[in-house]
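Have a look at the structure below, then the notes.
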Amino acid sequence: MKFFVDTADVNEIRELNDLGLVDGVTTNPSLILKSGRAILEVTKEICGIVEGPVSAEVAATDYETIMKEAAVIAKIADNICIKLPLTLDGLKACKNLVSDGHKTNVTLCFSANQALLAAKAGATFVSPFIGRLDDIAIDGMDLIREIRQIFDNYGFETEILAASARTVNHIKEAALIGADVVTAPPATLKALVKHPLTEAGLATFLADWAKTGQKIG
Ligand code: G3P
């Protein structure tokens, strides 16, 4: 499973990348707003930090303008991935951008039918949003399960990029189902390492080691 970090905070990205945990980065207009920085400038910096795909989202909704914005985004770096809305215009743009050799991430996916369309449009990634379905009392993991089954039925190469992953359980469940990628906030990725028994066991080992009076080296 690939881990993408869902942020435009370059300091958080650097910290996780130094841990060897980052296979890519996803951003969106809300994350760009939160960063307080210009999209082209911050995205270029992010592309220079990580080797994997960095998703930057168009803001337009009509096909012509999406394609113009995509052309600007595509020039940022070789590891850029153009993020497109799951609309008819977004899917048309996806088809053409993929034909031109660009990586694409079709986002704001909330149904298996939408994911099927993204795969037929040749999307590199499709981003089903787990957390936002949970927010309206629909099990977001069911969507990941349905998409996995459909994509496997037909051998679609589009990668399932489980997004809006808010908890470590979302990540575990997505991995059990077989999502290709999960994108999550830095804190959620870091929380994966935490377990109270690990912390308690380490404290006991350190206390007992201190009693030995020994040093290694
Ligand atoms: O990549 C999509 C992600 O940023 C959405 O997360 O928590 O706003 O639903 P959230």
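By order in the structure tokens, chains are A, B, ...; within a chain, residues start at 1; ligands start at 1, following the order shown.
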
Between chain A and ligand 1, at 6 Å or less, what are the per-residue closest atom pairs and their distances in Å? Count only C-alpha atoms and all ligand atoms, order by chain and rising residue number, and return it as JSON lines.
{"residue": "A:Asp6", "atom": "CA", "partner": "ligand 1", "partner_atom_place_in_ligand_line": "4 (O)", "distance": 5.8}
{"residue": "A:Thr26", "atom": "CA", "partner": "ligand 1", "partner_atom_place_in_ligand_line": "1 (O)", "distance": 5.9}
{"residue": "A:Gly131", "atom": "CA", "partner": "ligand 1", "partner_atom_place_in_ligand_line": "9 (O)", "distance": 5.4}
{"residue": "A:Arg132", "atom": "CA", "partner": "ligand 1", "partner_atom_place_in_ligand_line": "9 (O)", "distance": 5.0}
{"residue": "A:Ala163", "atom": "CA", "partner": "ligand 1", "partner_atom_place_in_ligand_line": "1 (O)", "distance": 5.0}
{"residue": "A:Ser164", "atom": "CA", "partner": "ligand 1", "partner_atom_place_in_ligand_line": "6 (O)", "distance": 3.6}

Report as a Markdown table: every residue of segment 120-182 of chain A with an atom at most 12 Å from segment 42-65 of chain A, its closest pair of atoms, and their distance in Å to one decimal, counting only C-alpha atoms, with rows sorted by chain and ascending residue number.
| residue | atom | partner | partner_atom | distance |
| --- | --- | --- | --- | --- |
| A:Thr124 | CA | A:Pro53 | CA | 10.4 |
| A:Phe125 | CA | A:Ser55 | CA | 9.9 |
| A:Val126 | CA | A:Ser55 | CA | 11.5 |
| A:Ser127 | CA | A:Ser55 | CA | 11.0 |
| A:Leu161 | CA | A:Ser55 | CA | 11.3 |
| A:Val181 | CA | A:Pro53 | CA | 11.4 |

Let's have the selection written as a PDB file, in the first residue's frame, with N, CA and C atoms.
ATOM      1  N   THR A 124      -5.336   7.782 -13.641  1.00  0.00           N
ATOM      2  CA  THR A 124      -4.232   7.110 -12.950  1.00  0.00           C
ATOM      3  C   THR A 124      -4.700   6.697 -11.560  1.00  0.00           C
ATOM      4  N   PHE A 125      -5.357   7.666 -10.874  1.00  0.00           N
ATOM      5  CA  PHE A 125      -5.916   7.427  -9.536  1.00  0.00           C
ATOM      6  C   PHE A 125      -7.363   7.888  -9.510  1.00  0.00           C
ATOM      7  N   VAL A 126      -8.171   7.244  -8.672  1.00  0.00           N
ATOM      8  CA  VAL A 126      -9.499   7.775  -8.337  1.00  0.00           C
ATOM      9  C   VAL A 126      -9.537   7.898  -6.817  1.00  0.00           C
ATOM     10  N   SER A 127     -10.084   9.021  -6.331  1.00  0.00           N
ATOM     11  CA  SER A 127     -10.066   9.316  -4.884  1.00  0.00           C
ATOM     12  C   SER A 127     -11.453   9.231  -4.274  1.00  0.00           C
ATOM     13  N   LEU A 161      -7.237   5.366  -4.650  1.00  0.00           N
ATOM     14  CA  LEU A 161      -6.520   6.251  -3.727  1.00  0.00           C
ATOM     15  C   LEU A 161      -7.498   6.615  -2.614  1.00  0.00           C
ATOM     16  N   VAL A 181      -3.577   2.899  -2.609  1.00  0.00           N
ATOM     17  CA  VAL A 181      -2.980   4.053  -1.937  1.00  0.00           C
ATOM     18  C   VAL A 181      -3.945   4.547  -0.857  1.00  0.00           C
TER      19      VAL A 181
END

Taking only segment 70-156 of chain A into account, list the residues labelled strand (DSSP E) by DSSP (computed from the backbone), as a list in words.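 Selecting the strand (DSSP E) positions of segment 70-156 of chain A gives Ile80, Cys81, Ile82, Lys83, Leu84, Pro85, Lys103, Thr104, Asn105, Val106, Thr107, Leu108, Cys109, Phe125, Val126, Ser127 and Pro128 of chain A.
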
Would you output that residue set with all heavy atoms, as a short mmCIF file (atom, residue, chain, number, x, y, z; two decimals), in the first residue's frame?
data_model
loop_
_atom_site.label_atom_id
_atom_site.label_comp_id
_atom_site.auth_asym_id
_atom_site.auth_seq_id
_atom_site.Cartn_x
_atom_site.Cartn_y
_atom_site.Cartn_z
N ILE A 80 4.32 15.71 -11.17
CA ILE A 80 3.00 16.31 -10.91
C ILE A 80 1.90 15.37 -11.37
O ILE A 80 2.07 14.61 -12.34
CB ILE A 80 2.86 17.69 -11.60
CG1 ILE A 80 1.76 18.52 -10.93
CG2 ILE A 80 2.55 17.52 -13.07
CD1 ILE A 80 2.10 19.05 -9.58
N CYS A 81 0.80 15.37 -10.64
CA CYS A 81 -0.40 14.60 -11.01
C CYS A 81 -1.56 15.58 -11.00
O CYS A 81 -1.78 16.29 -10.02
CB CYS A 81 -0.63 13.49 -9.98
SG CYS A 81 -2.08 12.48 -10.30
N ILE A 82 -2.29 15.63 -12.10
CA ILE A 82 -3.34 16.65 -12.24
C ILE A 82 -4.63 16.13 -11.63
O ILE A 82 -5.16 15.09 -12.05
CB ILE A 82 -3.54 17.02 -13.72
CG1 ILE A 82 -2.21 17.56 -14.30
CG2 ILE A 82 -4.65 18.08 -13.87
CD1 ILE A 82 -2.16 17.54 -15.81
N LYS A 83 -5.13 16.87 -10.63
CA LYS A 83 -6.34 16.45 -9.91
C LYS A 83 -7.56 17.11 -10.55
O LYS A 83 -7.56 18.32 -10.79
CB LYS A 83 -6.23 16.85 -8.44
CG LYS A 83 -6.91 15.92 -7.47
CD LYS A 83 -6.56 16.30 -6.02
CE LYS A 83 -7.11 15.33 -5.04
NZ LYS A 83 -6.87 15.75 -3.64
N LEU A 84 -8.57 16.28 -10.84
CA LEU A 84 -9.73 16.73 -11.60
C LEU A 84 -11.01 16.35 -10.87
O LEU A 84 -11.09 15.27 -10.26
CB LEU A 84 -9.73 16.05 -12.97
CG LEU A 84 -8.47 16.27 -13.82
CD1 LEU A 84 -8.31 15.15 -14.84
CD2 LEU A 84 -8.51 17.62 -14.50
N PRO A 85 -12.05 17.17 -10.95
CA PRO A 85 -13.32 16.83 -10.28
C PRO A 85 -14.03 15.70 -11.01
O PRO A 85 -13.88 15.55 -12.23
CB PRO A 85 -14.12 18.12 -10.37
CG PRO A 85 -13.61 18.80 -11.59
CD PRO A 85 -12.14 18.46 -11.68
N LYS A 103 -0.26 12.12 -15.65
CA LYS A 103 -0.90 11.41 -14.54
C LYS A 103 -2.11 12.23 -14.09
O LYS A 103 -2.05 13.46 -14.03
CB LYS A 103 0.08 11.28 -13.36
CG LYS A 103 1.18 10.23 -13.51
CD LYS A 103 1.89 10.05 -12.16
CE LYS A 103 3.09 9.12 -12.26
NZ LYS A 103 2.79 7.79 -12.78
N THR A 104 -3.20 11.52 -13.77
CA THR A 104 -4.42 12.21 -13.32
C THR A 104 -4.97 11.55 -12.06
O THR A 104 -4.78 10.35 -11.83
CB THR A 104 -5.51 12.13 -14.42
OG1 THR A 104 -5.75 10.75 -14.71
CG2 THR A 104 -5.10 12.89 -15.67
N ASN A 105 -5.63 12.37 -11.26
CA ASN A 105 -6.26 11.91 -10.02
C ASN A 105 -7.68 12.46 -10.02
O ASN A 105 -7.87 13.68 -9.85
CB ASN A 105 -5.45 12.41 -8.82
CG ASN A 105 -6.07 12.01 -7.48
OD1 ASN A 105 -7.13 11.39 -7.42
ND2 ASN A 105 -5.41 12.38 -6.40
N VAL A 106 -8.67 11.61 -10.25
CA VAL A 106 -10.06 12.08 -10.29
C VAL A 106 -10.62 12.02 -8.88
O VAL A 106 -10.65 10.96 -8.24
CB VAL A 106 -10.91 11.23 -11.25
CG1 VAL A 106 -12.37 11.66 -11.22
CG2 VAL A 106 -10.36 11.36 -12.68
N THR A 107 -11.03 13.18 -8.37
CA THR A 107 -11.32 13.33 -6.94
C THR A 107 -12.80 13.61 -6.68
O THR A 107 -13.59 13.77 -7.61
CB THR A 107 -10.45 14.46 -6.35
OG1 THR A 107 -10.58 14.45 -4.93
CG2 THR A 107 -10.85 15.83 -6.90
N LEU A 108 -13.13 13.63 -5.39
CA LEU A 108 -14.53 13.83 -4.96
C LEU A 108 -15.41 12.70 -5.49
O LEU A 108 -16.50 12.91 -5.99
CB LEU A 108 -15.06 15.20 -5.43
CG LEU A 108 -14.46 16.41 -4.70
CD1 LEU A 108 -14.80 17.70 -5.42
CD2 LEU A 108 -14.94 16.46 -3.24
N CYS A 109 -14.90 11.48 -5.29
CA CYS A 109 -15.64 10.28 -5.70
C CYS A 109 -16.44 9.75 -4.50
O CYS A 109 -15.88 9.53 -3.43
CB CYS A 109 -14.67 9.20 -6.19
SG CYS A 109 -15.46 7.61 -6.57
N PHE A 125 -5.36 7.67 -10.87
CA PHE A 125 -5.92 7.43 -9.54
C PHE A 125 -7.36 7.89 -9.51
O PHE A 125 -7.72 8.84 -10.19
CB PHE A 125 -5.15 8.23 -8.47
CG PHE A 125 -3.66 7.99 -8.42
CD1 PHE A 125 -2.78 8.92 -8.95
CD2 PHE A 125 -3.15 6.86 -7.81
CE1 PHE A 125 -1.41 8.71 -8.91
CE2 PHE A 125 -1.77 6.64 -7.75
CZ PHE A 125 -0.91 7.57 -8.31
N VAL A 126 -8.17 7.24 -8.67
CA VAL A 126 -9.50 7.77 -8.34
C VAL A 126 -9.54 7.90 -6.82
O VAL A 126 -9.02 7.03 -6.11
CB VAL A 126 -10.65 6.88 -8.85
CG1 VAL A 126 -10.63 5.49 -8.25
CG2 VAL A 126 -12.00 7.56 -8.60
N SER A 127 -10.08 9.02 -6.33
CA SER A 127 -10.07 9.32 -4.88
C SER A 127 -11.45 9.23 -4.27
O SER A 127 -12.19 10.23 -4.24
CB SER A 127 -9.48 10.71 -4.64
OG SER A 127 -8.10 10.73 -4.96
N PRO A 128 -11.86 8.06 -3.80
CA PRO A 128 -13.10 7.95 -3.02
C PRO A 128 -12.88 8.50 -1.62
O PRO A 128 -11.86 8.21 -0.99
CB PRO A 128 -13.37 6.44 -2.97
CG PRO A 128 -12.07 5.78 -3.26
CD PRO A 128 -11.22 6.74 -4.01
#

Which polymer residues have any atom within 12 Å of an atom of Asn96 of chain A, counting only C-alpha atoms, with same-chain residues fewer than 2 positions away left out, as a JSON list (two decimals) with all heavy atoms, in the first residue's frame?
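The result, written out as result-v1.json:
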[["chain", "number", "residue", "atom", "x", "y", "z"],
["A", 63, "TYR", "N", -14.78, 22.30, -19.22],
["A", 63, "TYR", "CA", -13.71, 21.55, -19.89],
["A", 63, "TYR", "C", -12.59, 22.45, -20.42],
["A", 63, "TYR", "O", -11.41, 22.20, -20.15],
["A", 63, "TYR", "CB", -14.30, 20.72, -21.04],
["A", 63, "TYR", "CG", -13.24, 20.08, -21.91],
["A", 63, "TYR", "CD1", -12.53, 18.99, -21.45],
["A", 63, "TYR", "CD2", -12.94, 20.59, -23.17],
["A", 63, "TYR", "CE1", -11.54, 18.39, -22.22],
["A", 63, "TYR", "CE2", -11.95, 20.02, -23.95],
["A", 63, "TYR", "CZ", -11.25, 18.92, -23.49],
["A", 63, "TYR", "OH", -10.26, 18.36, -24.25],
["A", 64, "GLU", "N", -12.93, 23.48, -21.15],
["A", 64, "GLU", "CA", -11.92, 24.33, -21.79],
["A", 64, "GLU", "C", -10.97, 24.94, -20.75],
["A", 64, "GLU", "O", -9.75, 24.89, -20.89],
["A", 64, "GLU", "CB", -12.59, 25.47, -22.59],
["A", 64, "GLU", "CG", -13.47, 25.01, -23.77],
["A", 64, "GLU", "CD", -12.68, 24.21, -24.80],
["A", 64, "GLU", "OE1", -11.46, 24.44, -24.93],
["A", 64, "GLU", "OE2", -13.28, 23.32, -25.44],
["A", 66, "ILE", "N", -10.57, 23.93, -17.60],
["A", 66, "ILE", "CA", -9.84, 22.84, -16.92],
["A", 66, "ILE", "C", -8.58, 22.51, -17.70],
["A", 66, "ILE", "O", -7.48, 22.40, -17.14],
["A", 66, "ILE", "CB", -10.72, 21.58, -16.78],
["A", 66, "ILE", "CG1", -11.82, 21.77, -15.72],
["A", 66, "ILE", "CG2", -9.86, 20.37, -16.43],
["A", 66, "ILE", "CD1", -12.80, 20.61, -15.62],
["A", 67, "MET", "N", -8.71, 22.37, -19.01],
["A", 67, "MET", "CA", -7.56, 22.01, -19.84],
["A", 67, "MET", "C", -6.48, 23.10, -19.81],
["A", 67, "MET", "O", -5.28, 22.80, -19.77],
["A", 67, "MET", "CB", -8.00, 21.72, -21.28],
["A", 67, "MET", "CG", -8.85, 20.45, -21.42],
["A", 67, "MET", "SD", -8.00, 18.96, -20.83],
["A", 67, "MET", "CE", -6.87, 18.68, -22.20],
["A", 70, "ALA", "N", -4.88, 22.81, -16.41],
["A", 70, "ALA", "CA", -4.09, 21.57, -16.37],
["A", 70, "ALA", "C", -2.76, 21.76, -17.08],
["A", 70, "ALA", "O", -1.72, 21.26, -16.62],
["A", 70, "ALA", "CB", -4.88, 20.43, -17.00],
["A", 71, "ALA", "N", -2.77, 22.51, -18.16],
["A", 71, "ALA", "CA", -1.53, 22.77, -18.91],
["A", 71, "ALA", "C", -0.53, 23.54, -18.05],
["A", 71, "ALA", "O", 0.68, 23.28, -18.09],
["A", 71, "ALA", "CB", -1.84, 23.53, -20.19],
["A", 82, "ILE", "N", -2.29, 15.63, -12.10],
["A", 82, "ILE", "CA", -3.34, 16.65, -12.24],
["A", 82, "ILE", "C", -4.63, 16.13, -11.63],
["A", 82, "ILE", "O", -5.16, 15.09, -12.05],
["A", 82, "ILE", "CB", -3.54, 17.02, -13.72],
["A", 82, "ILE", "CG1", -2.21, 17.56, -14.30],
["A", 82, "ILE", "CG2", -4.65, 18.08, -13.87],
["A", 82, "ILE", "CD1", -2.16, 17.54, -15.81],
["A", 84, "LEU", "N", -8.57, 16.28, -10.84],
["A", 84, "LEU", "CA", -9.73, 16.73, -11.60],
["A", 84, "LEU", "C", -11.01, 16.35, -10.87],
["A", 84, "LEU", "O", -11.09, 15.27, -10.26],
["A", 84, "LEU", "CB", -9.73, 16.05, -12.97],
["A", 84, "LEU", "CG", -8.47, 16.27, -13.82],
["A", 84, "LEU", "CD1", -8.31, 15.15, -14.84],
["A", 84, "LEU", "CD2", -8.51, 17.62, -14.50],
["A", 89, "ASP", "N", -17.23, 17.12, -17.32],
["A", 89, "ASP", "CA", -16.12, 17.91, -17.87],
["A", 89, "ASP", "C", -14.79, 17.42, -17.32],
["A", 89, "ASP", "O", -13.79, 17.34, -18.04],
["A", 89, "ASP", "CB", -16.31, 19.39, -17.52],
["A", 89, "ASP", "CG", -17.36, 20.04, -18.41],
["A", 89, "ASP", "OD1", -18.53, 19.62, -18.33],
["A", 89, "ASP", "OD2", -17.01, 20.95, -19.19],
["A", 90, "GLY", "N", -14.77, 17.05, -16.04],
["A", 90, "GLY", "CA", -13.53, 16.55, -15.45],
["A", 90, "GLY", "C", -13.11, 15.23, -16.08],
["A", 90, "GLY", "O", -11.92, 15.00, -16.33],
["A", 91, "LEU", "N", -14.08, 14.36, -16.35],
["A", 91, "LEU", "CA", -13.78, 13.07, -16.96],
["A", 91, "LEU", "C", -13.29, 13.23, -18.40],
["A", 91, "LEU", "O", -12.36, 12.54, -18.85],
["A", 91, "LEU", "CB", -15.02, 12.17, -16.92],
["A", 91, "LEU", "CG", -15.44, 11.69, -15.52],
["A", 91, "LEU", "CD1", -16.82, 11.06, -15.57],
["A", 91, "LEU", "CD2", -14.42, 10.73, -14.93],
["A", 92, "LYS", "N", -13.91, 14.18, -19.13],
["A", 92, "LYS", "CA", -13.46, 14.45, -20.52],
["A", 92, "LYS", "C", -12.02, 14.96, -20.51],
["A", 92, "LYS", "O", -11.19, 14.51, -21.30],
["A", 92, "LYS", "CB", -14.39, 15.48, -21.17],
["A", 92, "LYS", "CG", -14.05, 15.81, -22.62],
["A", 92, "LYS", "CD", -15.04, 16.81, -23.19],
["A", 92, "LYS", "CE", -14.67, 17.24, -24.61],
["A", 92, "LYS", "NZ", -15.61, 18.28, -25.14],
["A", 93, "ALA", "N", -11.73, 15.83, -19.57],
["A", 93, "ALA", "CA", -10.36, 16.35, -19.44],
["A", 93, "ALA", "C", -9.41, 15.21, -19.07],
["A", 93, "ALA", "O", -8.31, 15.10, -19.63],
["A", 93, "ALA", "CB", -10.32, 17.44, -18.38],
["A", 94, "CYS", "N", -9.85, 14.34, -18.17],
["A", 94, "CYS", "CA", -9.03, 13.20, -17.75],
["A", 94, "CYS", "C", -8.64, 12.36, -18.95],
["A", 94, "CYS", "O", -7.46, 12.05, -19.17],
["A", 94, "CYS", "CB", -9.79, 12.35, -16.73],
["A", 94, "CYS", "SG", -8.91, 10.89, -16.17],
["A", 98, "VAL", "N", -4.76, 12.02, -20.04],
["A", 98, "VAL", "CA", -4.11, 10.70, -20.01],
["A", 98, "VAL", "C", -3.57, 10.35, -21.40],
["A", 98, "VAL", "O", -2.45, 9.86, -21.53],
["A", 98, "VAL", "CB", -5.10, 9.63, -19.49],
["A", 98, "VAL", "CG1", -4.56, 8.22, -19.72],
["A", 98, "VAL", "CG2", -5.39, 9.85, -18.01],
["A", 99, "SER", "N", -4.36, 10.67, -22.41],
["A", 99, "SER", "CA", -3.90, 10.41, -23.79],
["A", 99, "SER", "C", -2.62, 11.18, -24.10],
["A", 99, "SER", "O", -1.78, 10.72, -24.88],
["A", 99, "SER", "CB", -4.98, 10.81, -24.80],
["A", 99, "SER", "OG", -6.16, 10.07, -24.55],
["A", 100, "ASP", "N", -2.49, 12.35, -23.47],
["A", 100, "ASP", "CA", -1.28, 13.16, -23.69],
["A", 100, "ASP", "C", -0.14, 12.77, -22.75],
["A", 100, "ASP", "O", 0.89, 13.43, -22.70],
["A", 100, "ASP", "CB", -1.60, 14.65, -23.49],
["A", 100, "ASP", "CG", -2.52, 15.19, -24.58],
["A", 100, "ASP", "OD1", -2.65, 14.51, -25.62],
["A", 100, "ASP", "OD2", -3.12, 16.26, -24.38],
["A", 101, "GLY", "N", -0.34, 11.70, -21.96],
["A", 101, "GLY", "CA", 0.74, 11.16, -21.12],
["A", 101, "GLY", "C", 0.82, 11.71, -19.72],
["A", 101, "GLY", "O", 1.83, 11.50, -19.02],
["A", 102, "HIS", "N", -0.21, 12.43, -19.27],
["A", 102, "HIS", "CA", -0.18, 13.01, -17.93],
["A", 102, "HIS", "C", -0.78, 12.06, -16.90],
["A", 102, "HIS", "O", -1.71, 11.30, -17.22],
["A", 102, "HIS", "CB", -0.96, 14.32, -17.91],
["A", 102, "HIS", "CG", -0.41, 15.37, -18.82],
["A", 102, "HIS", "ND1", 0.80, 16.01, -18.58],
["A", 102, "HIS", "CD2", -0.89, 15.87, -19.99],
["A", 102, "HIS", "CE1", 1.03, 16.88, -19.57],
["A", 102, "HIS", "NE2", 0.03, 16.80, -20.43],
["A", 103, "LYS", "N", -0.26, 12.12, -15.65],
["A", 103, "LYS", "CA", -0.90, 11.41, -14.54],
["A", 103, "LYS", "C", -2.11, 12.23, -14.09],
["A", 103, "LYS", "O", -2.05, 13.46, -14.03],
["A", 103, "LYS", "CB", 0.08, 11.28, -13.36],
["A", 103, "LYS", "CG", 1.18, 10.23, -13.51],
["A", 103, "LYS", "CD", 1.89, 10.05, -12.16],
["A", 103, "LYS", "CE", 3.09, 9.12, -12.26],
["A", 103, "LYS", "NZ", 2.79, 7.79, -12.78],
["A", 104, "THR", "N", -3.20, 11.52, -13.77],
["A", 104, "THR", "CA", -4.42, 12.21, -13.32],
["A", 104, "THR", "C", -4.97, 11.55, -12.06],
["A", 104, "THR", "O", -4.78, 10.35, -11.83],
["A", 104, "THR", "CB", -5.51, 12.13, -14.42],
["A", 104, "THR", "OG1", -5.75, 10.75, -14.71],
["A", 104, "THR", "CG2", -5.10, 12.89, -15.67],
["A", 121, "ALA", "N", -12.29, 6.46, -17.96],
["A", 121, "ALA", "CA", -11.63, 7.66, -18.50],
["A", 121, "ALA", "C", -10.11, 7.52, -18.44],
["A", 121, "ALA", "O", -9.38, 8.42, -18.84],
["A", 121, "ALA", "CB", -12.08, 8.90, -17.72],
["A", 122, "GLY", "N", -9.66, 6.39, -17.88],
["A", 122, "GLY", "CA", -8.23, 6.10, -17.85],
["A", 122, "GLY", "C", -7.47, 6.78, -16.73],
["A", 122, "GLY", "O", -6.24, 6.91, -16.79],
["A", 123, "ALA", "N", -8.21, 7.22, -15.70],
["A", 123, "ALA", "CA", -7.55, 7.94, -14.60],
["A", 123, "ALA", "C", -6.41, 7.12, -14.01],
["A", 123, "ALA", "O", -6.54, 5.89, -13.86],
["A", 123, "ALA", "CB", -8.58, 8.27, -13.52]]

Point-to-point distance in Å for atom CA of Lys190 of chain A and atom CA of Thr204 of chain A: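 The value is 23.0 Å.
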
Can you pull out every residue within 10 Å of Lys172 of chain A, counting only C-alpha atoms, but drop anything in the same chain fewer than 6 positions away, and send it as an MDAnalysis selection string? chainID A and resid 178 182 192

Writing out the chosen residues with C-alpha atoms as a PDB file, in the first residue's frame:
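Written out: selection-v9.pdb:
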ATOM      1  CA  GLY A 178      -6.742  -3.718  -0.973  1.00  0.00           C
ATOM      2  CA  VAL A 182      -4.212   5.868   1.142  1.00  0.00           C
ATOM      3  CA  LEU A 192      -0.043   4.465  12.991  1.00  0.00           C
TER       4      LEU A 192
END

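Straight-line separation from atom CA of Asp208 of chain A to atom CA of Lys194 of chain A: 21.9 Å.
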
For Ala77 of chain A, which residue among A:Leu40, A:Phe4, A:Phe110, A:Val10 is the nearest when counting only C-alpha atoms?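 That would be A:Leu40, the residue with the smallest distance to Ala77 of chain A.
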
Neighbouring residues of Leu143 of chain A were defined as those with any atom within 10 Å, considering only C-alpha atoms; residues of the same chain fewer than 4 positions away were excluded. Please report them as a ChimeraX atom specification. /A:109-112,115,128-130,133,138-139,147-149,162

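What separates atom CA of Gly217 of chain A from atom CA of Ala203 of chain A is a distance of 21.1 Å.
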
I'd like the contact shell of Ala191 of chain A - 9 Å cut-off, only C-alpha atoms, skipping same-chain residues fewer than 4 positions apart - returned as a PyMOL selection string. chain A and resi 167-168+186-187+195

Output C-alpha atoms for every residue in the selection just made, as an mmCIF file, in the first residue's frame.
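The file below, selection23.cif, is the result:
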data_model
loop_
_atom_site.group_PDB
_atom_site.id
_atom_site.type_symbol
_atom_site.label_atom_id
_atom_site.label_comp_id
_atom_site.auth_asym_id
_atom_site.auth_seq_id
_atom_site.Cartn_x
_atom_site.Cartn_y
_atom_site.Cartn_z
ATOM 1 C CA THR A 167 -8.328 7.563 11.443
ATOM 2 C CA VAL A 168 -5.796 4.749 11.687
ATOM 3 C CA PRO A 186 0.359 13.886 8.668
ATOM 4 C CA ALA A 187 -0.936 13.306 12.214
ATOM 5 C CA HIS A 195 0.296 1.537 20.781
#

Find the residues around Leu176 of chain A up to 12 Å (only C-alpha atoms counted), leave out those fewer than 3 positions away in its own chain, and share them as a count of residues only. 14

Using the chain letters and numbers from this document, which residues of segment 3-185 of chain A does DSSP assign to helix (DSSP H, G or I), as JSON, numbers by chain? {"A": [10, 11, 12, 13, 14, 15, 16, 17, 18, 29, 30, 31, 32, 33, 34, 35, 39, 40, 41, 42, 43, 44, 45, 46, 47, 48, 49, 63, 64, 65, 66, 67, 68, 69, 70, 71, 72, 73, 74, 88, 89, 90, 91, 92, 93, 94, 95, 96, 97, 98, 99, 112, 113, 114, 115, 116, 117, 118, 119, 120, 130, 131, 132, 133, 134, 140, 141, 142, 143, 144, 145, 146, 147, 148, 149, 150, 151, 152, 153, 154, 168, 169, 170, 171, 172, 173, 174, 175, 176, 177]}

Nearest to Ile39 of chain A: which of A:Asp134, A:Asp142, A:Asp152, A:Asp9 is it, counting only C-alpha atoms? A:Asp9
